[in-house]
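K.L.:
For reference, this is final.csv, and it has CSV, C-alpha atoms.
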chain,number,residue,atom,x,y,z
V,384,MET,CA,-95.7,-25.9,-20.1
V,385,THR,CA,-98.5,-24.8,-22.4
V,386,VAL,CA,-101.9,-26.2,-22.5
V,387,GLN,CA,-100.9,-28.1,-25.7
V,388,SER,CA,-97.9,-29.7,-24.1
V,389,ALA,CA,-99.9,-30.5,-21.0
V,390,LYS,CA,-102.3,-32.6,-23.2
V,391,MET,CA,-99.2,-34.2,-24.7
V,392,ALA,CA,-97.9,-35.1,-21.3
V,393,LEU,CA,-101.1,-36.8,-20.3
V,394,ARG,CA,-101.2,-38.6,-23.6
V,395,GLU,CA,-97.6,-39.8,-23.0
V,396,LEU,CA,-98.4,-41.1,-19.5
V,397,SER,CA,-101.4,-43.0,-20.9
V,398,SER,CA,-99.2,-44.5,-23.6
V,399,LEU,CA,-96.6,-45.4,-21.0
V,400,GLU,CA,-99.3,-47.1,-18.9
V,401,LYS,CA,-100.3,-49.2,-21.9
V,402,SER,CA,-96.7,-50.1,-22.9
V,403,LEU,CA,-96.1,-51.2,-19.3
V,404,GLY,CA,-99.1,-53.4,-19.4
V,405,LEU,CA,-100.8,-51.6,-16.5
V,406,LYS,CA,-104.4,-52.8,-16.6
V,407,LYS,CA,-106.2,-50.1,-14.6
V,408,PRO,CA,-105.7,-46.6,-16.0
V,409,ASN,CA,-104.7,-44.0,-13.4
V,410,LYS,CA,-106.6,-40.8,-12.8
V,411,TYR,CA,-104.8,-37.6,-13.7
V,412,SER,CA,-105.3,-33.9,-13.3
V,413,THR,CA,-103.1,-30.8,-13.9
V,414,GLN,CA,-101.8,-28.2,-11.5
V,415,GLY,CA,-100.9,-24.5,-11.8
V,416,ASP,CA,-100.4,-22.2,-14.7
V,417,LYS,CA,-98.1,-24.5,-16.4
V,418,LYS,CA,-100.5,-27.5,-16.2
V,419,ILE,CA,-98.1,-29.9,-14.6
V,420,PRO,CA,-99.5,-33.4,-14.7
V,421,VAL,CA,-100.7,-34.8,-11.4
V,422,LEU,CA,-101.4,-38.5,-10.6
V,423,GLN,CA,-104.3,-38.9,-8.3
V,424,ASN,CA,-103.6,-41.7,-5.9
V,425,SER,CA,-106.4,-43.2,-3.9
V,426,ASN,CA,-104.2,-44.8,-1.3
V,427,GLY,CA,-101.5,-42.1,-0.8
V,428,PRO,CA,-100.5,-38.6,-1.6
V,429,SER,CA,-100.8,-37.5,-5.2
V,430,LEU,CA,-97.6,-37.2,-7.3
V,431,SER,CA,-96.8,-34.4,-9.7
V,432,GLY,CA,-94.3,-34.0,-12.6
V,433,ILE,CA,-94.0,-36.2,-15.7
V,434,VAL,CA,-90.6,-37.7,-14.7
V,435,THR,CA,-91.8,-38.5,-11.1
V,436,ILE,CA,-95.1,-40.0,-12.3
V,437,ALA,CA,-93.4,-42.1,-15.1
V,438,THR,CA,-90.8,-43.4,-12.6
V,439,HIS,CA,-93.7,-44.3,-10.3
V,440,LEU,CA,-95.6,-46.1,-13.1
V,441,VAL,CA,-92.5,-48.2,-13.9
V,442,GLN,CA,-92.2,-49.2,-10.2
V,443,GLU,CA,-96.0,-50.0,-10.1
V,444,ALA,CA,-95.6,-52.3,-13.1
V,445,ARG,CA,-92.6,-54.0,-11.4
V,446,ARG,CA,-90.2,-53.3,-14.2
V,447,PRO,CA,-87.3,-51.9,-12.2
V,448,GLU,CA,-84.8,-52.7,-15.0
V,449,LEU,CA,-86.4,-49.9,-17.0
V,450,LEU,CA,-84.9,-47.4,-14.5
V,451,GLY,CA,-81.5,-49.0,-14.8
V,452,SER,CA,-79.9,-52.2,-13.5
V,453,SER,CA,-77.0,-50.6,-11.6
V,454,ALA,CA,-76.6,-47.4,-9.5
V,455,GLU,CA,-74.6,-46.0,-12.4
V,456,GLU,CA,-77.2,-46.9,-15.0
V,457,ARG,CA,-80.0,-45.5,-12.8
V,458,ALA,CA,-78.1,-42.2,-12.6
V,459,VAL,CA,-77.7,-42.1,-16.4
V,460,VAL,CA,-81.4,-42.8,-16.8
V,461,GLN,CA,-82.3,-40.0,-14.4
V,462,GLN,CA,-80.0,-37.7,-16.1
V,463,TRP,CA,-81.7,-38.1,-19.5
V,464,LEU,CA,-85.1,-37.9,-18.0
V,465,GLU,CA,-84.1,-34.6,-16.5
V,466,TYR,CA,-82.6,-33.5,-19.8
V,467,ARG,CA,-85.9,-34.2,-21.5
V,468,VAL,CA,-87.9,-31.9,-19.1
V,469,THR,CA,-85.2,-29.2,-18.7
V,470,LYS,CA,-83.5,-29.0,-22.1
V,471,LEU,CA,-85.7,-30.5,-24.7
V,472,ASP,CA,-89.2,-29.3,-23.5
V,473,ASN,CA,-89.9,-25.7,-24.5
V,474,CYS,CA,-86.5,-25.4,-26.1
V,475,PRO,CA,-86.0,-22.3,-28.3
V,476,LYS,CA,-85.8,-23.0,-32.0
V,477,GLU,CA,-82.1,-22.0,-32.2
V,478,GLU,CA,-81.2,-24.6,-29.5
V,479,ILE,CA,-82.5,-27.6,-31.5
V,480,LYS,CA,-79.4,-27.9,-33.6
V,481,THR,CA,-77.2,-28.0,-30.5
V,482,ILE,CA,-79.4,-30.7,-28.9
V,483,LEU,CA,-79.2,-32.8,-32.0
V,484,LYS,CA,-75.5,-32.3,-32.4
V,485,ASP,CA,-74.8,-33.3,-28.7
V,486,LEU,CA,-77.1,-36.3,-28.8
V,487,ASN,CA,-75.7,-37.5,-32.1
V,488,LEU,CA,-72.2,-37.5,-30.6
V,489,TYR,CA,-73.4,-39.1,-27.4
V,490,LEU,CA,-75.2,-41.9,-29.3
V,491,GLU,CA,-72.2,-42.6,-31.6
V,492,ASP,CA,-71.3,-45.8,-29.6
V,493,LYS,CA,-74.6,-46.6,-28.0
V,494,VAL,CA,-77.8,-48.4,-29.0
V,495,TYR,CA,-79.9,-46.8,-26.3
V,496,LEU,CA,-79.4,-43.7,-24.0
V,497,ALA,CA,-78.2,-45.8,-21.1
V,498,GLY,CA,-76.0,-48.0,-23.3
V,499,ASN,CA,-77.1,-51.5,-24.4
V,500,ASN,CA,-80.3,-51.6,-22.4
V,501,PHE,CA,-83.6,-50.0,-23.3
V,502,THR,CA,-84.9,-47.9,-20.4
V,503,LEU,CA,-87.5,-45.3,-19.5
V,504,ALA,CA,-85.1,-42.6,-20.7
V,505,ASP,CA,-85.5,-43.8,-24.3
V,506,THR,CA,-89.3,-43.8,-24.0
V,507,LEU,CA,-89.5,-40.2,-22.6
V,508,MET,CA,-86.8,-38.8,-24.9
V,509,TYR,CA,-88.5,-40.4,-27.8
V,510,TYR,CA,-91.9,-38.8,-26.9
V,511,GLY,CA,-90.1,-35.4,-26.3
V,512,ILE,CA,-88.1,-35.4,-29.5
V,513,HIS,CA,-90.8,-36.7,-31.9
V,514,HIS,CA,-92.0,-33.3,-33.0
V,515,ILE,CA,-88.4,-32.3,-33.9
V,516,MET,CA,-87.8,-35.5,-35.9
V,517,VAL,CA,-91.0,-35.1,-37.8
V,518,ASP,CA,-89.8,-31.8,-39.2
V,519,LEU,CA,-86.3,-32.9,-40.2
V,520,THR,CA,-85.4,-33.2,-43.9
V,521,VAL,CA,-83.9,-36.4,-45.3
V,522,GLN,CA,-80.5,-34.7,-45.4
V,523,GLU,CA,-80.8,-33.6,-41.8
V,524,LYS,CA,-81.8,-37.1,-40.7
V,525,GLU,CA,-78.6,-38.3,-42.5
V,526,LYS,CA,-76.5,-35.7,-40.8
V,527,TRP,CA,-77.8,-36.8,-37.4
V,528,ALA,CA,-77.5,-40.4,-38.3
V,529,ASN,CA,-76.9,-41.7,-34.8
V,530,VAL,CA,-80.0,-39.9,-33.4
V,531,SER,CA,-82.0,-41.2,-36.4
V,532,ARG,CA,-80.9,-44.7,-35.8
V,533,TRP,CA,-81.7,-44.5,-32.1
V,534,PHE,CA,-85.0,-42.9,-32.8
V,535,ASP,CA,-85.9,-45.7,-35.2
V,536,HIS,CA,-84.9,-48.4,-32.7
V,537,VAL,CA,-87.2,-46.8,-30.1
V,538,GLN,CA,-90.2,-46.2,-32.4
V,539,HIS,CA,-90.1,-49.9,-33.3
V,540,TYR,CA,-89.5,-51.1,-29.7
V,541,PRO,CA,-92.6,-53.2,-28.8
V,542,GLY,CA,-95.3,-51.1,-27.3
V,543,VAL,CA,-93.6,-47.8,-27.3
V,544,ARG,CA,-95.0,-45.7,-30.2
V,545,HIS,CA,-98.8,-45.8,-29.3
V,546,HIS,CA,-100.1,-42.2,-29.7
V,547,LEU,CA,-97.4,-40.9,-32.1
V,548,PRO,CA,-97.3,-41.4,-35.9
V,549,PRO,CA,-94.2,-43.2,-37.3
V,550,VAL,CA,-91.4,-41.1,-38.8
V,551,VAL,CA,-89.6,-42.2,-41.9
V,552,VAL,CA,-86.0,-42.3,-40.8
V,553,LEU,CA,-83.9,-44.2,-43.4
V,554,ARG,CA,-84.1,-43.8,-47.1
V,555,ASN,CA,-84.4,-47.4,-47.9
V,556,ARG,CA,-87.4,-48.0,-45.7
V,557,PHE,CA,-90.9,-47.4,-46.7
V,558,TYR,CA,-92.9,-46.2,-43.7
V,559,THR,CA,-95.7,-43.8,-44.2
V,560,SER,CA,-95.4,-40.8,-42.1
V,561,GLY,CA,-98.1,-38.5,-40.8
V,562,HIS,CA,-101.7,-39.8,-40.7
V,563,HIS,CA,-102.3,-43.5,-40.5
F,737,MET,CA,-64.6,-41.1,-9.7
F,738,LYS,CA,-63.6,-37.6,-10.4
F,739,LEU,CA,-65.8,-34.6,-9.7
F,740,PHE,CA,-65.2,-31.4,-11.6
F,741,VAL,CA,-66.4,-28.2,-10.1
F,742,SER,CA,-65.9,-24.5,-10.6
F,743,GLU,CA,-66.0,-21.5,-8.3
F,744,GLY,CA,-69.1,-19.3,-8.2
F,745,ASN,CA,-71.4,-21.9,-9.8
F,746,PRO,CA,-74.3,-22.5,-7.5
F,747,HIS,CA,-74.9,-26.0,-8.8
F,748,CYS,CA,-71.5,-27.0,-7.5
F,749,VAL,CA,-72.7,-26.1,-3.9
F,750,LYS,CA,-75.2,-29.0,-4.3
F,751,VAL,CA,-72.7,-31.7,-5.3
F,752,LEU,CA,-69.9,-30.6,-2.8
F,753,ALA,CA,-72.4,-30.6,0.1
F,754,VAL,CA,-73.6,-34.1,-0.9
F,755,VAL,CA,-70.1,-35.5,-1.3
F,756,GLU,CA,-69.2,-34.4,2.3
F,757,LEU,CA,-72.5,-35.5,3.7
F,758,THR,CA,-72.5,-39.0,2.2
F,759,GLY,CA,-68.7,-39.5,2.6
F,760,VAL,CA,-68.6,-41.0,-0.9
F,761,LYS,CA,-64.9,-41.0,-2.1
F,762,CYS,CA,-64.2,-39.0,-5.2
F,763,ASP,CA,-61.3,-36.8,-6.4
F,764,ILE,CA,-62.4,-33.2,-6.6
F,765,SER,CA,-61.0,-31.1,-9.4
F,766,HIS,CA,-61.5,-27.3,-9.5
F,767,VAL,CA,-61.6,-26.1,-13.1
F,768,ASN,CA,-62.5,-22.9,-15.0
F,769,HIS,CA,-66.2,-22.2,-16.0
F,770,GLU,CA,-65.0,-22.5,-19.6
F,771,GLU,CA,-63.6,-26.0,-19.3
F,772,ARG,CA,-65.3,-28.5,-21.5
F,773,VAL,CA,-65.2,-31.6,-19.3
F,774,VAL,CA,-68.0,-33.7,-20.9
F,775,PRO,CA,-66.7,-34.7,-24.3
F,776,TYR,CA,-70.0,-34.9,-26.1
F,777,LEU,CA,-71.5,-31.6,-25.0
F,778,SER,CA,-70.9,-28.5,-27.1
F,779,ARG,CA,-71.1,-26.1,-24.1
F,780,PRO,CA,-69.1,-26.3,-20.9
F,781,VAL,CA,-71.3,-27.9,-18.3
F,782,LEU,CA,-70.3,-28.1,-14.6
F,783,PRO,CA,-70.4,-29.8,-12.2
F,784,ALA,CA,-69.6,-33.1,-14.0
F,785,LEU,CA,-68.8,-36.5,-12.5
F,786,ALA,CA,-66.5,-38.8,-14.5
F,787,MET,CA,-66.9,-42.5,-13.6
F,788,PRO,CA,-64.1,-45.1,-13.9
F,789,SER,CA,-66.3,-46.7,-16.7
F,790,GLY,CA,-65.9,-43.6,-18.8
F,791,VAL,CA,-69.5,-42.6,-18.2
F,792,TYR,CA,-70.1,-38.9,-17.4
F,793,LEU,CA,-72.9,-37.4,-15.3
F,794,PHE,CA,-73.5,-33.8,-16.1
F,795,SER,CA,-76.8,-33.0,-14.3
F,796,PRO,CA,-76.2,-31.8,-10.8
F,797,ASN,CA,-79.4,-33.4,-9.4
F,798,ALA,CA,-78.5,-36.8,-11.0
F,799,ILE,CA,-75.0,-36.6,-9.5
F,800,CYS,CA,-76.5,-35.8,-6.1
F,801,ARG,CA,-79.0,-38.6,-6.3
F,802,PHE,CA,-76.3,-41.0,-7.4
F,803,LEU,CA,-74.1,-40.1,-4.5
F,804,PHE,CA,-76.9,-40.6,-2.0
F,805,GLU,CA,-77.8,-43.9,-3.6
F,806,SER,CA,-74.1,-45.0,-3.4
F,807,SER,CA,-74.2,-44.3,0.3
F,808,GLY,CA,-77.3,-46.4,0.7
F,809,SER,CA,-80.2,-43.9,0.5
F,810,GLU,CA,-82.5,-44.5,-2.4
F,811,SER,CA,-84.8,-41.7,-3.2
F,812,SER,CA,-88.6,-42.0,-2.7
F,813,SER,CA,-91.3,-40.7,-5.0
F,814,LEU,CA,-91.6,-37.6,-2.9
F,815,THR,CA,-87.9,-37.0,-3.1
F,816,ASN,CA,-88.1,-37.4,-6.9
F,817,GLN,CA,-90.9,-35.0,-7.1
F,818,TRP,CA,-88.9,-32.3,-5.3
F,819,LEU,CA,-85.9,-32.8,-7.5
F,820,GLU,CA,-88.1,-32.5,-10.6
F,821,TRP,CA,-89.8,-29.4,-9.2
F,822,GLU,CA,-86.4,-27.9,-8.5
F,823,ALA,CA,-85.2,-28.5,-12.1
F,824,THR,CA,-88.3,-27.5,-13.9
F,825,GLU,CA,-90.0,-24.9,-11.7
F,826,LEU,CA,-87.4,-23.4,-9.3
F,827,GLN,CA,-84.4,-23.2,-11.6
F,828,PRO,CA,-86.0,-21.1,-14.4
F,829,ALA,CA,-87.2,-18.6,-11.8
F,830,LEU,CA,-83.9,-18.6,-10.1
F,831,ALA,CA,-82.0,-18.1,-13.4
F,832,GLN,CA,-84.1,-15.0,-13.9
F,833,ALA,CA,-83.7,-13.7,-10.4
F,834,LEU,CA,-80.0,-14.2,-10.2
F,835,HIS,CA,-79.5,-12.6,-13.6
F,836,MET,CA,-81.6,-9.6,-12.5
F,837,THR,CA,-79.8,-9.2,-9.2
F,838,ALA,CA,-76.2,-9.8,-10.1
F,839,LEU,CA,-76.0,-8.4,-13.6
F,840,GLN,CA,-78.8,-5.8,-13.7
F,841,GLY,CA,-79.1,-4.6,-10.1
F,842,LYS,CA,-82.9,-5.1,-10.1
F,843,ARG,CA,-83.5,-6.6,-6.7
F,844,ALA,CA,-87.2,-5.9,-6.4
F,845,GLU,CA,-87.9,-7.5,-9.7
F,846,ALA,CA,-85.7,-10.5,-8.8
F,847,ALA,CA,-87.6,-11.0,-5.5
F,848,ALA,CA,-90.9,-10.9,-7.5
F,849,ALA,CA,-89.7,-13.6,-9.9
F,850,LEU,CA,-89.2,-15.9,-7.0
F,851,GLN,CA,-92.4,-15.3,-5.3
F,852,ALA,CA,-94.4,-18.1,-6.9
F,853,PRO,CA,-91.9,-20.9,-6.2
F,854,LEU,CA,-91.2,-19.7,-2.7
F,855,SER,CA,-94.9,-19.6,-1.7
F,856,PHE,CA,-95.3,-23.1,-3.2
F,857,LEU,CA,-92.4,-24.3,-1.0
F,858,GLU,CA,-93.9,-22.4,2.0
F,859,GLN,CA,-97.3,-24.1,1.6
F,860,SER,CA,-95.8,-27.5,1.2
F,861,LEU,CA,-93.7,-27.2,4.3
F,862,ARG,CA,-96.7,-25.9,6.3
F,863,LYS,CA,-98.9,-28.8,5.1
F,864,ARG,CA,-96.4,-31.5,6.0
F,865,ALA,CA,-95.2,-30.0,9.2
F,866,THR,CA,-92.0,-32.1,9.3
F,867,PRO,CA,-88.5,-30.6,9.8
F,868,PHE,CA,-87.4,-31.6,6.3
F,869,LEU,CA,-89.1,-31.7,2.9
F,870,THR,CA,-90.0,-35.3,2.9
F,871,GLY,CA,-90.0,-36.2,6.6
F,872,GLU,CA,-87.8,-36.3,9.8
F,873,GLU,CA,-84.6,-36.9,7.9
F,874,VAL,CA,-82.5,-34.9,5.5
F,875,THR,CA,-82.7,-36.2,2.0
F,876,VAL,CA,-81.1,-35.3,-1.3
F,877,ALA,CA,-84.1,-33.1,-2.0
F,878,ASP,CA,-83.3,-30.8,1.0
F,879,ILE,CA,-79.7,-30.4,0.0
F,880,VAL,CA,-80.5,-29.7,-3.6
F,881,LEU,CA,-83.1,-27.1,-2.8
F,882,TRP,CA,-81.1,-25.5,0.0
F,883,ALA,CA,-78.1,-25.1,-2.3
F,884,ALA,CA,-80.2,-23.8,-5.1
F,885,LEU,CA,-81.7,-21.1,-2.9
F,886,TYR,CA,-78.6,-20.4,-0.9
F,887,PRO,CA,-77.4,-17.3,-3.0
F,888,VAL,CA,-80.8,-15.6,-2.5
F,889,LEU,CA,-81.9,-16.8,1.0
F,890,SER,CA,-78.5,-16.3,2.7
F,891,ASP,CA,-78.6,-12.6,1.7
F,892,SER,CA,-80.8,-11.0,4.3
F,893,SER,CA,-81.0,-7.7,2.4
F,894,PHE,CA,-82.3,-9.5,-0.6
F,895,MET,CA,-85.1,-11.7,0.8
F,896,ALA,CA,-86.2,-9.5,3.8
F,897,GLY,CA,-89.8,-10.9,3.7
F,898,GLU,CA,-89.1,-14.6,3.1
F,899,PRO,CA,-91.9,-16.9,4.2
F,900,ALA,CA,-91.6,-18.1,7.8
F,901,GLN,CA,-91.5,-21.9,7.2
F,902,VAL,CA,-89.1,-21.6,4.3
F,903,GLY,CA,-86.8,-19.5,6.6
F,904,ARG,CA,-86.8,-22.1,9.3
F,905,TRP,CA,-86.3,-25.0,7.0
F,906,PHE,CA,-83.4,-23.1,5.2
F,907,GLU,CA,-81.7,-22.4,8.6
F,908,ARG,CA,-82.1,-26.0,9.7
F,909,VAL,CA,-80.5,-27.5,6.6
F,910,GLY,CA,-77.8,-24.8,6.6
F,911,GLN,CA,-76.7,-25.9,10.1
F,912,LEU,CA,-75.2,-29.1,8.5
F,913,GLN,CA,-71.5,-28.7,8.4
F,914,ALA,CA,-71.5,-30.2,4.9
F,915,CYS,CA,-73.7,-27.4,3.6
F,916,GLN,CA,-71.7,-24.6,5.2
F,917,SER,CA,-68.3,-25.8,3.9
F,918,ALA,CA,-69.7,-26.4,0.4
F,919,ALA,CA,-71.2,-22.8,0.3
F,920,GLN,CA,-67.9,-21.4,1.5
F,921,ALA,CA,-65.9,-23.4,-1.0
F,922,VAL,CA,-67.9,-22.2,-4.0
F,923,LEU,CA,-69.1,-18.7,-3.1
F,924,ARG,CA,-66.5,-17.6,-0.6
F,925,GLY,CA,-69.0,-15.8,1.6
F,926,ALA,CA,-69.7,-13.3,-1.2
F,927,GLY,CA,-73.3,-14.2,-1.9
F,928,VAL,CA,-74.9,-13.3,-5.2
F,929,GLU,CA,-71.8,-11.2,-6.2
F,930,ALA,CA,-69.7,-14.4,-6.3
F,931,LEU,CA,-71.9,-15.7,-9.1
F,932,LYS,CA,-71.3,-12.8,-11.5
F,933,GLY,CA,-68.5,-14.6,-13.5
F,934,TYR,CA,-70.6,-17.7,-13.8
F,935,LEU,CA,-73.9,-15.9,-14.8
F,936,GLN,CA,-72.2,-13.9,-17.5
F,937,LYS,CA,-71.3,-17.1,-19.3
F,938,GLN,CA,-74.9,-18.4,-19.1
F,939,PRO,CA,-77.5,-17.8,-21.9
F,940,VAL,CA,-79.7,-14.9,-21.0
F,941,PRO,CA,-82.9,-16.4,-19.4
F,942,ASN,CA,-85.8,-16.3,-21.7
F,943,PHE,CA,-88.2,-14.0,-19.8
F,944,GLN,CA,-91.0,-14.4,-22.4
F,945,ARG,CA,-91.1,-18.1,-21.9
F,946,ARG,CA,-92.5,-17.7,-18.4
F,947,ASP,CA,-95.5,-15.8,-19.7
F,948,PRO,CA,-98.4,-17.1,-17.5
F,949,ARG,CA,-101.0,-16.7,-20.2
F,950,PRO,CA,-101.8,-20.0,-21.8
F,951,CYS,CA,-101.0,-20.1,-25.5
F,952,ASN,CA,-103.0,-22.4,-27.6
How does this structure look as structure tokens?
P.N.:
Amino acid sequence: MTVQSAKMALRELSSLEKSLGLKKPNKYSTQGDKKIPVLQNSNGPSLSGIVTIATHLVQEARRPELLGSSAEERAVVQQWLEYRVTKLDNCPKEEIKTILKDLNLYLEDKVYLAGNNFTLADTLMYYGIHHIMVDLTVQEKEKWANVSRWFDHVQHYPGVRHHLPPVVVLRNRFYTSGHH
Amino acid sequence: MKLFVSEGNPHCVKVLAVVELTGVKCDISHVNHEERVVPYLSRPVLPALAMPSGVYLFSPNAICRFLFESSGSESSSLTNQWLEWEATELQPALAQALHMTALQGKRAEAAAALQAPLSFLEQSLRKRATPFLTGEEVTVADIVLWAALYPVLSDSSFMAGEPAQVGRWFERVGQLQACQSAAQAVLRGAGVEALKGYLQKQPVPNFQRRDPRPCN
């Protein structure tokens, strides 16, 4: 993880805290060369890694449904959280197309990553894919229509967007992208 | 449930060990590395777990976690932290090390690539002073890390100077029958050599990406 993406990770966690309605912001630091985010915990050991910390925040906010409502759904959520940090983060340029193609096929019959319910996987995948979506042309957004539709759902999901600018996804909508 | 595995794929050691340890019922199907099991992924990815609902799990750690949860053991934050570390820190280093050893014959360089994650593991084990990663009991984290490290740590000529606590922990987890039979089923006692076929099909690890210098 570069210094730049470490800053992004901390910003994501702060946005997640807000969207979960956590009143008291947690204290964070980073660890090692790759600047992995670390949650400082006053009454227990610290936690490191963005997925681990995000999962912990959801539990702290008592929103277990965001981690999935059944064992199977929880597994699917964990899988996409892992996908975000292993496949999407630091992905080489030539891999982006494969990721979009696979996601597009996967999302063909789904509203959200875990099916019909919005989960933490949507939030973290949205944060992680935002910089890719910003750079897509109108034609590319149409080509990956299922990804675009999912992305648009998530960016309009109450409380999710926070630190990120909106991305114009569909031709017939008039959002301003970039600075706002 | 149907679990698809392939020979010589180190990730399959993880899931097979967990299936035996938890006793969760699933049909095990041995397929070729090239088999595309998950319909929406462009590249063949194994292991994969097909659920009766039609859902596929294709991340080995998510499969292991799910099997543990199905047998009644939910993972703690500490377990989650180890699984995330394994996927984001250990795996990239291992991919490099295995590639260098099995395909390029560069053993010394491979051992060097693993030094940082192994000393992190050593420090953590020393600090906690418990027999397993998160406490007195084996969790999914121990199995996943053990299986990931198996090809290198089981080869005494490869890791001659492995850190002491890591060595003891590795031996302790390896005493589980489930771990032994999973390693045997996938690697057939051939160590790193058994991985050749699998590694040749993987994208070449991006060595530049692990440049320790911060790039602003």
K.L.:
For V:Leu547, which of V:Lys470, V:Arg457, V:His514, V:Arg532 is the closest residue, counting only C-alpha atoms?
P.N.:
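For V:Leu547, the nearest of the candidates is V:His514.
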K.L.:
Using all atoms listed in the file, which residues of chain V come within 7 Å of chain F, and what is the closest atom pair for each, with the distance in Å to one decimal? Give it as JSON lines, sorted by chain and residue number.
P.N.:
{"residue": "V:Thr385", "atom": "CA", "partner": "F:Pro950", "partner_atom": "CA", "distance": 5.9}
{"residue": "V:Val386", "atom": "CA", "partner": "F:Pro950", "partner_atom": "CA", "distance": 6.2}
{"residue": "V:Gln387", "atom": "CA", "partner": "F:Asn952", "partner_atom": "CA", "distance": 6.4}
{"residue": "V:Asp416", "atom": "CA", "partner": "F:Pro948", "partner_atom": "CA", "distance": 6.2}
{"residue": "V:Ser431", "atom": "CA", "partner": "F:Gln817", "partner_atom": "CA", "distance": 6.5}
{"residue": "V:Gly432", "atom": "CA", "partner": "F:Gln817", "partner_atom": "CA", "distance": 6.5}
{"residue": "V:Thr435", "atom": "CA", "partner": "F:Gln817", "partner_atom": "CA", "distance": 5.4}
{"residue": "V:His439", "atom": "CA", "partner": "F:Ser813", "partner_atom": "CA", "distance": 6.8}
{"residue": "V:Ala454", "atom": "CA", "partner": "F:Phe802", "partner_atom": "CA", "distance": 6.7}
{"residue": "V:Ala458", "atom": "CA", "partner": "F:Phe802", "partner_atom": "CA", "distance": 5.6}
{"residue": "V:Val459", "atom": "CA", "partner": "F:Leu793", "partner_atom": "CA", "distance": 6.8}
{"residue": "V:Gln461", "atom": "CA", "partner": "F:Ala798", "partner_atom": "CA", "distance": 6.0}
{"residue": "V:Gln462", "atom": "CA", "partner": "F:Ala798", "partner_atom": "CA", "distance": 5.4}
{"residue": "V:Val468", "atom": "CA", "partner": "F:Thr824", "partner_atom": "CA", "distance": 6.8}
{"residue": "V:Thr469", "atom": "CA", "partner": "F:Thr824", "partner_atom": "CA", "distance": 6.0}
{"residue": "V:Asp485", "atom": "CA", "partner": "F:Leu777", "partner_atom": "CA", "distance": 5.2}
{"residue": "V:Leu488", "atom": "CA", "partner": "F:Tyr776", "partner_atom": "CA", "distance": 5.6}
{"residue": "V:Tyr489", "atom": "CA", "partner": "F:Tyr776", "partner_atom": "CA", "distance": 5.6}
K.L.:
Write out as a list in words each polymer residue whose atoms come within 6 Å of stretch 422-425 of chain V, counting all atoms listed in the file; drop sequence neighbours fewer than 5 positions from it.
P.N.:
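So, after excluding close chain neighbours, the residues are Lys410, Tyr411 and Leu430 of chain V.
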K.L.:
So what do you get for atom CA of F:Pro887 versus atom CA of F:Leu854, distance-wise?
P.N.:
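A separation of 14.0 Å between them.
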K.L.:
Residues around (-80.8, -42.9, -24.9), cut-off 10 Å, counting only C-alpha atoms - what are they as a list in words?
P.N.:
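Counting only C-alpha atoms, I find these residues within 10 Å of (-80.8, -42.9, -24.9): Val459, Val460, Trp463, Leu464, Leu486, Tyr489, Leu490, Lys493, Val494, Tyr495, Leu496, Ala497, Gly498, Asn499, Asn500, Phe501, Thr502, Leu503, Ala504, Asp505, Thr506, Leu507, Met508, Tyr509, Val530, Trp533, Phe534 and Val537 of chain V.
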K.L.:
Would you please work out which residue, of V:His536, V:His513, V:Lys418, V:Lys484, is nearest to V:Ile433 when using all atoms listed in the file?
P.N.:
V:Lys418
K.L.:
Leaving out V:Asp518 and any residue of its chain fewer than 5 positions from it, which residues lie within 12 Å of it when counting all atoms listed in the file, given as a list in words?
P.N.:
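Listing them by chain and then by number gives Ile479, Ile512, His513, Glu523, Lys524, Val550, Val551, Val552, Ser560 and Gly561 of chain V.
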K.L.:
I'd like the neighbourhood of F:His747 as a list in words, where a residue qualifies if any of its atoms comes within 10 Å (using only C-alpha atoms), though same-chain residues fewer than 6 positions away should be ignored.
P.N.:
Val741, Leu782, Pro783, Ser795, Pro796, Asn797, Val880, Ala883, Ala884 and Val922 of chain F
K.L.:
Limited to C-alpha atoms, could you put the picked residues into a file as a JSON list (two decimals), keeping the file's coordinate frame?
P.N.:
[["chain", "number", "residue", "atom", "x", "y", "z"],
["F", 741, "VAL", "CA", -66.40, -28.20, -10.10],
["F", 782, "LEU", "CA", -70.30, -28.10, -14.60],
["F", 783, "PRO", "CA", -70.40, -29.80, -12.20],
["F", 795, "SER", "CA", -76.80, -33.00, -14.30],
["F", 796, "PRO", "CA", -76.20, -31.80, -10.80],
["F", 797, "ASN", "CA", -79.40, -33.40, -9.40],
["F", 880, "VAL", "CA", -80.50, -29.70, -3.60],
["F", 883, "ALA", "CA", -78.10, -25.10, -2.30],
["F", 884, "ALA", "CA", -80.20, -23.80, -5.10],
["F", 922, "VAL", "CA", -67.90, -22.20, -4.00]]
K.L.:
Can you measure atom CA of F:Ala784 to atom CA of F:Val760 for me? One decimal in Å is fine.
P.N.:
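Taking atom CA of F:Ala784 as the start and atom CA of F:Val760 as the end point, the length is 15.3 Å.
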